[in-house]
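Next comes upload_32.tsv, a file with TSV, C-alpha atoms.
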chain	number	residue	atom	x	y	z
R	1	MET	CA	-2.44	107.98	-26.76
R	2	SER	CA	0.22	109.67	-28.81
R	3	SER	CA	2.50	111.83	-26.73
R	4	THR	CA	3.21	114.45	-29.36
R	5	SER	CA	2.99	118.05	-28.26
R	6	ALA	CA	0.14	118.70	-30.72
R	7	ASP	CA	-1.97	115.89	-29.24
R	8	TRP	CA	-1.23	117.07	-25.69
R	9	GLY	CA	-2.27	120.63	-26.52
R	10	THR	CA	-5.61	119.33	-27.78
R	11	ILE	CA	-6.16	117.35	-24.58
R	12	ASP	CA	-5.35	120.35	-22.43
R	13	GLU	CA	-7.79	122.61	-24.30
R	14	ARG	CA	-10.56	120.02	-24.35
R	15	HIS	CA	-10.55	119.10	-20.68
R	16	ARG	CA	-9.12	121.96	-18.65
R	17	ARG	CA	-12.36	123.88	-18.01
R	18	GLU	CA	-14.27	120.71	-17.13
R	19	LEU	CA	-11.51	119.83	-14.66
R	20	LEU	CA	-11.71	123.36	-13.19
R	21	ARG	CA	-15.43	122.91	-12.53
R	22	HIS	CA	-14.84	119.49	-11.00
R	23	CYS	CA	-12.05	120.69	-8.72
R	24	TYR	CA	-14.10	123.74	-7.73
R	25	ARG	CA	-17.01	121.52	-6.70
R	26	MET	CA	-14.61	119.35	-4.71
R	27	LEU	CA	-12.60	122.15	-3.07
R	28	GLY	CA	-15.01	125.10	-2.81
R	29	SER	CA	-12.43	127.68	-3.91
R	30	PRO	CA	-11.51	128.73	-7.45
R	31	PHE	CA	-7.95	129.36	-6.28
R	32	ASP	CA	-7.59	125.85	-4.84
R	33	ALA	CA	-9.21	124.50	-8.01
R	34	GLU	CA	-6.68	126.26	-10.24
R	35	GLU	CA	-3.87	124.85	-8.11
R	36	ALA	CA	-5.33	121.34	-8.38
R	37	VAL	CA	-5.79	121.54	-12.17
R	38	GLN	CA	-2.29	122.87	-12.67
R	39	GLU	CA	-0.95	119.90	-10.68
R	40	THR	CA	-3.24	117.54	-12.63
R	41	MET	CA	-1.88	118.68	-15.98
R	42	PHE	CA	1.69	118.47	-14.70
R	43	ARG	CA	1.22	114.90	-13.45
R	44	ALA	CA	-0.59	113.89	-16.64
R	45	TRP	CA	2.19	115.36	-18.79
R	46	ARG	CA	4.81	113.62	-16.68
R	47	GLY	CA	2.98	110.29	-16.94
R	48	ARG	CA	1.82	110.56	-20.55
R	49	GLU	CA	4.21	107.83	-21.75
R	50	THR	CA	2.72	105.34	-19.28
R	51	PHE	CA	-0.93	106.03	-20.18
R	52	ALA	CA	-2.14	102.61	-21.30
R	53	GLY	CA	-5.40	103.68	-22.90
R	54	ALA	CA	-7.48	101.23	-20.84
R	55	ALA	CA	-9.76	104.14	-19.92
R	56	SER	CA	-10.55	107.31	-21.82
R	57	VAL	CA	-8.29	110.32	-21.47
R	58	ARG	CA	-11.17	112.10	-19.71
R	59	VAL	CA	-11.48	109.38	-17.06
R	60	TRP	CA	-7.69	109.26	-16.67
R	61	LEU	CA	-7.53	113.04	-16.04
R	62	PHE	CA	-10.47	112.94	-13.63
R	63	ARG	CA	-8.76	110.18	-11.64
R	64	ILE	CA	-5.61	112.28	-11.30
R	65	ALA	CA	-7.56	115.44	-10.43
R	66	THR	CA	-9.74	113.69	-7.85
R	67	ASN	CA	-6.76	112.14	-6.08
R	68	ILE	CA	-5.14	115.57	-5.91
R	69	CYS	CA	-8.35	117.11	-4.52
R	70	LEU	CA	-8.70	114.39	-1.87
R	71	ASP	CA	-5.07	114.90	-0.83
R	72	MET	CA	-5.63	118.66	-0.55
R	73	LEU	CA	-8.80	118.13	1.50
R	74	ARG	CA	-6.90	115.95	3.97
R	75	GLN	CA	-4.40	118.74	4.55
R	76	ARG	CA	-6.71	121.76	4.69
R	77	PRO	CA	-9.70	122.75	6.85
R	78	ARG	CA	-13.18	122.04	5.52
R	79	ARG	CA	-14.62	125.08	3.78
R	80	GLU	CA	-18.04	126.26	4.95
R	81	GLN	CA	-20.17	129.37	5.28
R	82	PRO	CA	-20.07	131.70	8.30
R	83	ILE	CA	-23.79	131.12	8.85
R	84	GLY	CA	-23.88	127.82	10.66
R	85	ALA	CA	-20.26	127.97	11.80
R	86	ALA	CA	-21.00	130.39	14.64
R	87	GLY	CA	-23.88	132.29	16.16
R	88	ALA	CA	-25.07	135.62	14.76
R	89	ALA	CA	-23.16	138.68	16.00
R	90	ASP	CA	-24.22	142.17	16.96
R	91	ALA	CA	-23.84	145.08	14.53
R	92	ASP	CA	-21.47	146.76	16.99
R	93	SER	CA	-19.08	143.80	16.92
R	94	LEU	CA	-15.63	143.96	15.41
R	95	LEU	CA	-15.01	141.97	12.25
R	96	GLY	CA	-12.20	140.05	13.89
R	97	ARG	CA	-9.45	138.22	12.11
R	98	PRO	CA	-9.93	137.05	8.50
R	99	ASP	CA	-9.36	133.39	7.65
R	100	ASP	CA	-9.40	132.98	3.88
R	101	SER	CA	-8.75	129.23	4.05
R	102	ARG	CA	-11.92	128.45	6.01
R	103	TRP	CA	-14.77	129.73	3.84
R	104	LEU	CA	-16.31	128.82	0.51
R	105	HIS	CA	-15.62	131.24	-2.33
R	106	PRO	CA	-17.90	132.05	-5.27
R	107	ALA	CA	-16.55	131.56	-8.79
R	108	PRO	CA	-17.30	133.92	-11.72
R	109	ASP	CA	-19.30	132.50	-14.62
R	110	ARG	CA	-16.63	133.73	-17.01
R	111	TRP	CA	-14.24	131.31	-15.31
R	112	LEU	CA	-16.68	128.41	-14.89
R	113	LEU	CA	-18.85	128.31	-17.99
R	114	PRO	CA	-17.72	127.56	-21.55
R	115	SER	CA	-18.08	130.30	-24.10
R	116	GLY	CA	-20.12	129.48	-27.20
R	117	ALA	CA	-21.83	126.48	-25.58
R	118	ALA	CA	-25.42	125.59	-26.41
R	119	THR	CA	-28.09	127.17	-24.19
R	120	GLU	CA	-29.24	123.76	-22.94
R	121	GLU	CA	-25.71	122.77	-21.97
R	122	VAL	CA	-25.15	126.02	-20.08
R	123	ALA	CA	-28.48	125.62	-18.23
R	124	VAL	CA	-27.44	122.17	-16.98
R	125	LEU	CA	-24.00	123.42	-15.96
R	126	ARG	CA	-25.52	126.36	-14.05
R	127	GLU	CA	-27.48	123.97	-11.83
R	128	SER	CA	-24.29	122.10	-10.94
R	129	ILE	CA	-22.35	125.21	-9.88
R	130	ARG	CA	-25.01	127.12	-7.92
R	131	PHE	CA	-23.48	128.38	-4.69
R	132	ALA	CA	-26.20	126.74	-2.57
R	133	PHE	CA	-25.35	123.41	-4.25
R	134	ILE	CA	-21.60	123.93	-3.64
R	135	ALA	CA	-22.34	124.71	0.02
R	136	ALA	CA	-24.47	121.56	0.33
R	137	LEU	CA	-21.70	119.46	-1.24
R	138	HIS	CA	-19.30	120.69	1.42
R	139	ARG	CA	-21.47	119.33	4.19
R	140	LEU	CA	-20.63	115.87	2.84
R	141	THR	CA	-17.44	113.94	3.46
R	142	PRO	CA	-14.90	114.31	0.63
R	143	MET	CA	-15.52	110.74	-0.59
R	144	GLN	CA	-19.31	111.19	-0.51
R	145	ARG	CA	-18.88	114.46	-2.36
R	146	ALA	CA	-16.75	112.83	-5.05
R	147	ALA	CA	-19.17	109.93	-5.50
R	148	LEU	CA	-22.17	112.23	-5.86
R	149	ILE	CA	-20.37	114.51	-8.32
R	150	PHE	CA	-19.28	111.57	-10.46
R	151	ARG	CA	-22.70	109.94	-10.56
R	152	ASP	CA	-25.23	112.79	-10.44
R	153	VAL	CA	-23.29	115.65	-12.06
R	154	LEU	CA	-20.79	114.06	-14.45
R	155	LYS	CA	-22.95	110.97	-15.15
R	156	PHE	CA	-20.20	108.40	-14.75
R	157	THR	CA	-21.36	104.83	-14.24
R	158	ALA	CA	-21.13	103.04	-10.90
R	159	GLU	CA	-18.22	100.98	-12.28
R	160	GLU	CA	-16.37	104.09	-13.50
R	161	THR	CA	-16.99	105.83	-10.17
R	162	ALA	CA	-15.61	102.89	-8.24
R	163	ASP	CA	-12.56	102.76	-10.47
R	164	LEU	CA	-11.97	106.51	-10.16
R	165	LEU	CA	-12.11	106.30	-6.37
R	166	GLY	CA	-10.20	103.02	-6.08
R	167	ILE	CA	-13.01	101.23	-4.22
R	168	THR	CA	-15.58	98.52	-4.93
R	169	VAL	CA	-18.84	99.19	-6.76
R	170	ALA	CA	-20.76	98.36	-3.57
R	171	SER	CA	-18.75	100.93	-1.62
R	172	ALA	CA	-19.27	103.56	-4.33
R	173	ASN	CA	-23.02	102.93	-4.30
R	174	GLY	CA	-23.02	103.19	-0.50
R	175	LEU	CA	-21.25	106.56	-0.64
R	176	LEU	CA	-23.75	107.80	-3.22
R	177	ARG	CA	-26.72	106.62	-1.18
R	178	ARG	CA	-25.50	108.37	1.98
R	179	ALA	CA	-24.67	111.55	0.04
R	180	ARG	CA	-28.13	111.72	-1.53
R	181	HIS	CA	-29.77	111.10	1.84
R	182	ARG	CA	-27.74	113.88	3.45
R	183	LEU	CA	-28.57	116.36	0.70
R	184	ALA	CA	-32.27	115.50	0.83
R	185	ALA	CA	-32.28	116.16	4.58
R	186	GLU	CA	-30.90	119.68	4.17
R	187	ALA	CA	-33.33	122.61	4.27
R	188	PRO	CA	-34.04	123.93	0.75
R	189	PRO	CA	-31.90	127.02	-0.03
R	190	PRO	CA	-33.41	130.42	-0.87
R	191	THR	CA	-34.39	130.92	-4.49
R	192	SER	CA	-31.36	131.34	-6.73
R	193	SER	CA	-31.23	134.67	-8.49
R	194	ALA	CA	-30.91	132.87	-11.83
R	195	ASP	CA	-34.57	131.89	-11.36
R	196	LEU	CA	-35.87	135.40	-10.73
R	197	ASP	CA	-39.01	136.67	-12.36
R	198	GLY	CA	-39.34	140.21	-13.69
R	199	GLY	CA	-40.41	141.66	-10.37
R	200	GLN	CA	-37.51	140.08	-8.51
R	201	ARG	CA	-35.01	141.32	-11.08
R	202	ALA	CA	-36.43	144.80	-10.62
R	203	LEU	CA	-35.97	144.32	-6.86
R	204	LEU	CA	-32.30	143.53	-7.41
R	205	GLU	CA	-31.92	146.65	-9.57
R	206	ARG	CA	-33.51	148.78	-6.82
R	207	PHE	CA	-31.02	147.29	-4.37
R	208	VAL	CA	-28.11	148.32	-6.61
R	209	HIS	CA	-29.43	151.88	-6.94
R	210	ALA	CA	-29.95	152.19	-3.15
R	211	PHE	CA	-26.51	150.70	-2.46
R	212	GLU	CA	-24.71	153.13	-4.79
R	213	ARG	CA	-26.65	156.10	-3.37
R	214	TYR	CA	-25.85	154.82	0.13
R	215	ASP	CA	-29.56	155.09	0.91
R	216	VAL	CA	-29.56	152.72	3.87
R	217	GLN	CA	-33.26	153.19	4.55
R	218	ALA	CA	-34.25	152.23	1.00
R	219	LEU	CA	-31.71	149.41	0.96
R	220	THR	CA	-32.92	147.74	4.15
R	221	GLU	CA	-36.58	148.10	3.18
R	222	LEU	CA	-35.80	145.60	0.40
R	223	LEU	CA	-34.69	142.97	2.94
R	224	LYS	CA	-36.78	140.34	4.68
R	225	GLU	CA	-37.25	140.91	8.39
R	226	ASP	CA	-35.02	137.89	9.13
R	227	ALA	CA	-32.47	138.56	6.36
R	228	THR	CA	-28.83	137.69	6.94
R	229	LEU	CA	-25.54	139.35	6.00
R	230	SER	CA	-22.26	137.44	5.93
R	231	MET	CA	-18.81	138.79	5.11
R	232	PRO	CA	-16.28	136.01	4.54
R	233	PRO	CA	-13.31	135.73	5.09
R	234	TYR	CA	-14.63	136.95	8.46
R	235	GLU	CA	-16.62	134.69	10.75
R	236	LEU	CA	-18.95	137.49	11.82
R	237	TRP	CA	-22.44	137.47	10.33
R	238	LEU	CA	-25.62	139.36	11.14
R	239	ALA	CA	-29.24	138.23	11.42
R	240	GLY	CA	-32.23	140.52	11.00
R	241	ARG	CA	-32.99	143.64	9.04
R	242	SER	CA	-32.41	145.95	12.01
R	243	GLN	CA	-28.93	144.57	12.65
R	244	ILE	CA	-28.00	144.91	8.97
R	245	ARG	CA	-29.28	148.50	8.94
R	246	ARG	CA	-27.15	149.32	11.98
R	247	TRP	CA	-24.13	147.78	10.27
R	248	PHE	CA	-24.50	149.92	7.15
R	249	LEU	CA	-24.95	153.03	9.31
R	250	ARG	CA	-21.66	152.50	11.17
R	251	ASP	CA	-19.34	155.46	10.88
R	252	PRO	CA	-16.99	155.42	9.08
R	253	ASN	CA	-18.42	152.97	6.58
R	254	PRO	CA	-16.44	151.99	3.46
R	255	CYS	CA	-19.65	151.37	1.50
R	256	HIS	CA	-20.18	155.14	1.30
R	257	GLY	CA	-19.37	156.05	-2.32
R	258	ALA	CA	-19.13	152.43	-3.45
R	259	ARG	CA	-19.93	151.29	-6.97
R	260	ALA	CA	-21.40	147.99	-8.16
R	261	VAL	CA	-20.72	146.20	-11.46
R	262	ALA	CA	-23.10	143.42	-12.52
R	263	ILE	CA	-21.41	140.07	-13.20
R	264	GLY	CA	-22.37	136.40	-13.16
R	265	ALA	CA	-21.12	134.10	-10.40
R	266	ASN	CA	-22.04	130.46	-9.82
R	267	GLY	CA	-24.63	130.63	-12.56
R	268	SER	CA	-26.47	133.57	-10.99
R	269	PRO	CA	-26.36	137.38	-11.10
R	270	ALA	CA	-23.84	138.92	-8.69
R	271	LEU	CA	-22.22	142.28	-8.06
R	272	ALA	CA	-18.56	143.25	-8.05
R	273	ILE	CA	-18.26	145.95	-5.38
R	274	TYR	CA	-15.65	148.71	-5.64
R	275	HIS	CA	-14.85	150.97	-2.68
R	276	LEU	CA	-13.19	154.38	-2.67
R	277	ASP	CA	-9.66	154.37	-1.31
R	278	GLU	CA	-8.55	156.66	1.53
R	279	SER	CA	-8.00	159.54	-0.88
R	280	HIS	CA	-11.62	159.20	-2.09
R	281	GLN	CA	-10.28	159.50	-5.62
R	282	THR	CA	-9.77	155.90	-6.75
R	283	LEU	CA	-12.12	152.93	-6.76
R	284	ARG	CA	-10.53	149.67	-5.65
R	285	PRO	CA	-11.85	146.07	-5.77
R	286	PHE	CA	-13.56	145.16	-2.51
R	287	ALA	CA	-15.96	142.22	-2.68
R	288	ILE	CA	-18.18	139.97	-4.78
R	289	LEU	CA	-21.76	140.26	-3.50
R	290	THR	CA	-24.31	137.50	-4.03
R	291	ALA	CA	-27.94	137.83	-3.01
R	292	ALA	CA	-30.65	135.23	-2.42
R	293	ILE	CA	-34.23	136.36	-3.02
R	294	GLU	CA	-37.42	134.89	-1.62
R	295	ASP	CA	-40.68	136.13	-3.08
R	296	ASP	CA	-40.44	139.95	-3.14
R	297	ARG	CA	-37.62	140.48	-0.63
R	298	ILE	CA	-33.89	139.78	-0.31
R	299	ALA	CA	-33.33	136.92	2.13
R	300	ALA	CA	-29.54	136.83	2.29
R	301	LEU	CA	-26.57	138.98	1.34
R	302	ASP	CA	-23.15	137.34	1.15
R	303	MET	CA	-20.34	139.87	0.78
R	304	HIS	CA	-17.25	137.87	-0.19
R	305	ILE	CA	-14.43	140.27	0.68
R	306	VAL	CA	-11.90	138.55	-1.58
R	307	PRO	CA	-10.49	141.14	-4.04
R	308	ARG	CA	-8.38	138.52	-5.85
R	309	LEU	CA	-11.63	137.13	-7.29
R	310	PHE	CA	-11.83	140.20	-9.56
R	311	PRO	CA	-9.24	139.06	-12.14
R	312	LEU	CA	-11.09	135.73	-12.47
R	313	ALA	CA	-14.18	137.75	-13.43
R	314	GLY	CA	-12.17	139.70	-16.00
R	315	LEU	CA	-12.42	142.88	-13.93
R	316	PRO	CA	-9.64	145.38	-13.19
Structure rendered as structure tokens:
Amino acid sequence: MSSTSADWGTIDERHRRELLRHCYRMLGSPFDAEEAVQETMFRAWRGRETFAGAASVRVWLFRIATNICLDMLRQRPRREQPIGAAGAADADSLLGRPDDSRWLHPAPDRWLLPSGAATEEVAVLRESIRFAFIAALHRLTPMQRAALIFRDVLKFTAEETADLLGITVASANGLLRRARHRLAAEAPPPTSSADLDGGQRALLERFVHAFERYDVQALTELLKEDATLSMPPYELWLAGRSQIRRWFLRDPNPCHGARAVAIGANGSPALAIYHLDESHQTLRPFAILTAAIEDDRIAALDMHIVPRLFPLAGLP
């Protein structure tokens, strides 16, 4: 590989977004993924003179990125979802202390998906970044996760996967087999909102209208009886329509006067929620809301109270 600045700029442009998706799948946070990709490009630039060309540039960059991700995963807690990490709480409970390093974060489509790509390519990419899929990946060990991503998402060969992970082909195949078995054993996730039919999309629109009007009765009527509400970075989550209704009726409630902006996140429709500040004059970024729909009701609401996601979505 030539080490001229022009060639390096082409490499950076060609591979950076694919590396971001890979690191996001591995790490479960767009912020951690950006950190990992920045370090990947730095190490690749620093080692460009020693690149022997035995593998493709793409494989070389993925090897660097994966090693960085595995190092980060050894040093940081495993990311998960509040549901499953603790029992459901009562609507009168306090939120408690936030822990931003513990939970999975959604990632805006604008950040994940390439612009101008063919429809077929985008459809395939959407399946590999769905939040339910990311959550399932993070129930695997880091090495199982890497093996499954390389083989089933990125379509590397068994030999390439083994080389990328620095293990034998037999070991790589064993990791893949255990990862597939673990994923198959997981309960199927609720229907992704990217798969909604016309009636379900209308349901989501009714939810937005009820939310912005702060019509709690209309809002909760759209939920399944056993719906859940989670609010990472807090551990607290609620189970059941009645508990969620009580939560939204708490006084004072910052959702009063809120506004919702439709965006895409993890290949599915999502909402960027803005709350009024204390002066009730200015709207400020509050959370990215994702919803899972089953049949004609909302099965789960995940309110990711992470305002720094807004710039990734191109929002003020």
For each of R:Arg206, R:Arg259, R:His304, R:Arg97, take the minimum atom-to-atom distance to Leu219 of chain R, counting all atoms listed in the file, then give the residue where this is smallest.
R:Arg206
Quick one: which segment 123-222 of chain R residues come within 9 Å of segment 21-45 of chain R, and what is the nearest atom pair for each with the distance in Å to one decimal, counting only C-alpha atoms, rows ordered by chain and ascending number, as CSV?
residue,atom,partner,partner_atom,distance
R:Ser128,CA,R:Arg25,CA,8.4
R:Ile129,CA,R:Arg25,CA,7.2
R:Phe133,CA,R:Arg25,CA,8.9
R:Ile134,CA,R:Arg25,CA,6.0
R:Ala135,CA,R:Gly28,CA,7.9
R:Leu137,CA,R:Arg25,CA,7.5
R:His138,CA,R:Gly28,CA,7.5
R:Pro142,CA,R:Met26,CA,7.3
R:Arg145,CA,R:Met26,CA,6.9
R:Ala146,CA,R:Met26,CA,6.9
R:Ile149,CA,R:His22,CA,7.9
R:Leu154,CA,R:His22,CA,8.8
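Remark: for Arg201 of chain R, the closest of the candidate residues R:Ile305, R:Leu312, R:Ala291, R:Val59 is R:Ala291 (distances computed over all atoms listed in the file).
Closest approach to Phe207 of chain R from the set R:Ala88, R:Arg126, R:Pro108, R:Ile298 is made by R:Ile298, with distances taken over all atoms listed in the file.
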What gap, in Å, lies between atom CA of Tyr234 of chain R and atom CA of Leu204 of chain R?
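One can read the atom CA of Tyr234 of chain R to atom CA of Leu204 of chain R distance as 24.6 Å.
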In Å, rounded to a single decimal, give me how far atom CA of Gln144 of chain R is from atom CA of Asp71 of chain R.
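Interatomic distance here is 14.7 Å.
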Show which residues sit within 7 Å of segment 244-258 of chain R, as a PyMOL selection string. Count only C-alpha atoms, and ignore same-chain residues fewer than 4 positions away.
chain R and resi 91+212+214+216+220+229+238+240+273-276
Can I get the selected residues back with C-alpha atoms, as an mmCIF file, in the coordinates of the input?
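Output (result-v7.cif):
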data_model
loop_
_atom_site.group_PDB
_atom_site.id
_atom_site.type_symbol
_atom_site.label_atom_id
_atom_site.label_comp_id
_atom_site.auth_asym_id
_atom_site.auth_seq_id
_atom_site.Cartn_x
_atom_site.Cartn_y
_atom_site.Cartn_z
ATOM 1 C CA ALA R 91 -23.840 145.080 14.530
ATOM 2 C CA GLU R 212 -24.710 153.130 -4.790
ATOM 3 C CA TYR R 214 -25.850 154.820 0.130
ATOM 4 C CA VAL R 216 -29.560 152.720 3.870
ATOM 5 C CA THR R 220 -32.920 147.740 4.150
ATOM 6 C CA LEU R 229 -25.540 139.350 6.000
ATOM 7 C CA LEU R 238 -25.620 139.360 11.140
ATOM 8 C CA GLY R 240 -32.230 140.520 11.000
ATOM 9 C CA ILE R 273 -18.260 145.950 -5.380
ATOM 10 C CA TYR R 274 -15.650 148.710 -5.640
ATOM 11 C CA HIS R 275 -14.850 150.970 -2.680
ATOM 12 C CA LEU R 276 -13.190 154.380 -2.670
#
Which of these, R:Glu120, R:Arg58, R:Arg78, R:Arg213, has the shortest distance to Thr141 of chain R once you count all atoms listed in the file?
R:Arg78
Could you please determine the separation between atom CA of His209 of chain R and atom CA of Asp296 of chain R in Å, to one decimal place?
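Computed distance, atom CA of His209 of chain R to atom CA of Asp296 of chain R, equals 16.7 Å.
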For Arg182 of chain R, find every residue with an atom within 9 Å (counting all atoms listed in the file), except residues of its own chain fewer than 6 positions away, and show them as a PyMOL selection string.
chain R and resi 136+139-140
Which of R:Glu205, R:Asp226, R:Glu278, R:Glu127 sits closest to Ala299 of chain R [using only C-alpha atoms]:
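For Ala299 of chain R, the nearest of the candidates is R:Asp226.
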Top pick for closest residue to Glu160 of chain R, considering R:Arg284, R:Lys224, R:Arg63, R:Arg46 and counting all atoms listed in the file:
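Looking at the shortest contact to Glu160 of chain R, the residue is R:Arg63.
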Counting only C-alpha atoms, which residues come within 8 Å of (-8.9, 118.2, -17.0), with the point read in the file's coordinates, and could you list them as a list in words?
Asp12, Arg14, His15, Arg16, Arg17, Glu18, Leu19, Leu20, Val37, Thr40, Met41, Arg58, Leu61, Phe62 and Ala65 of chain R
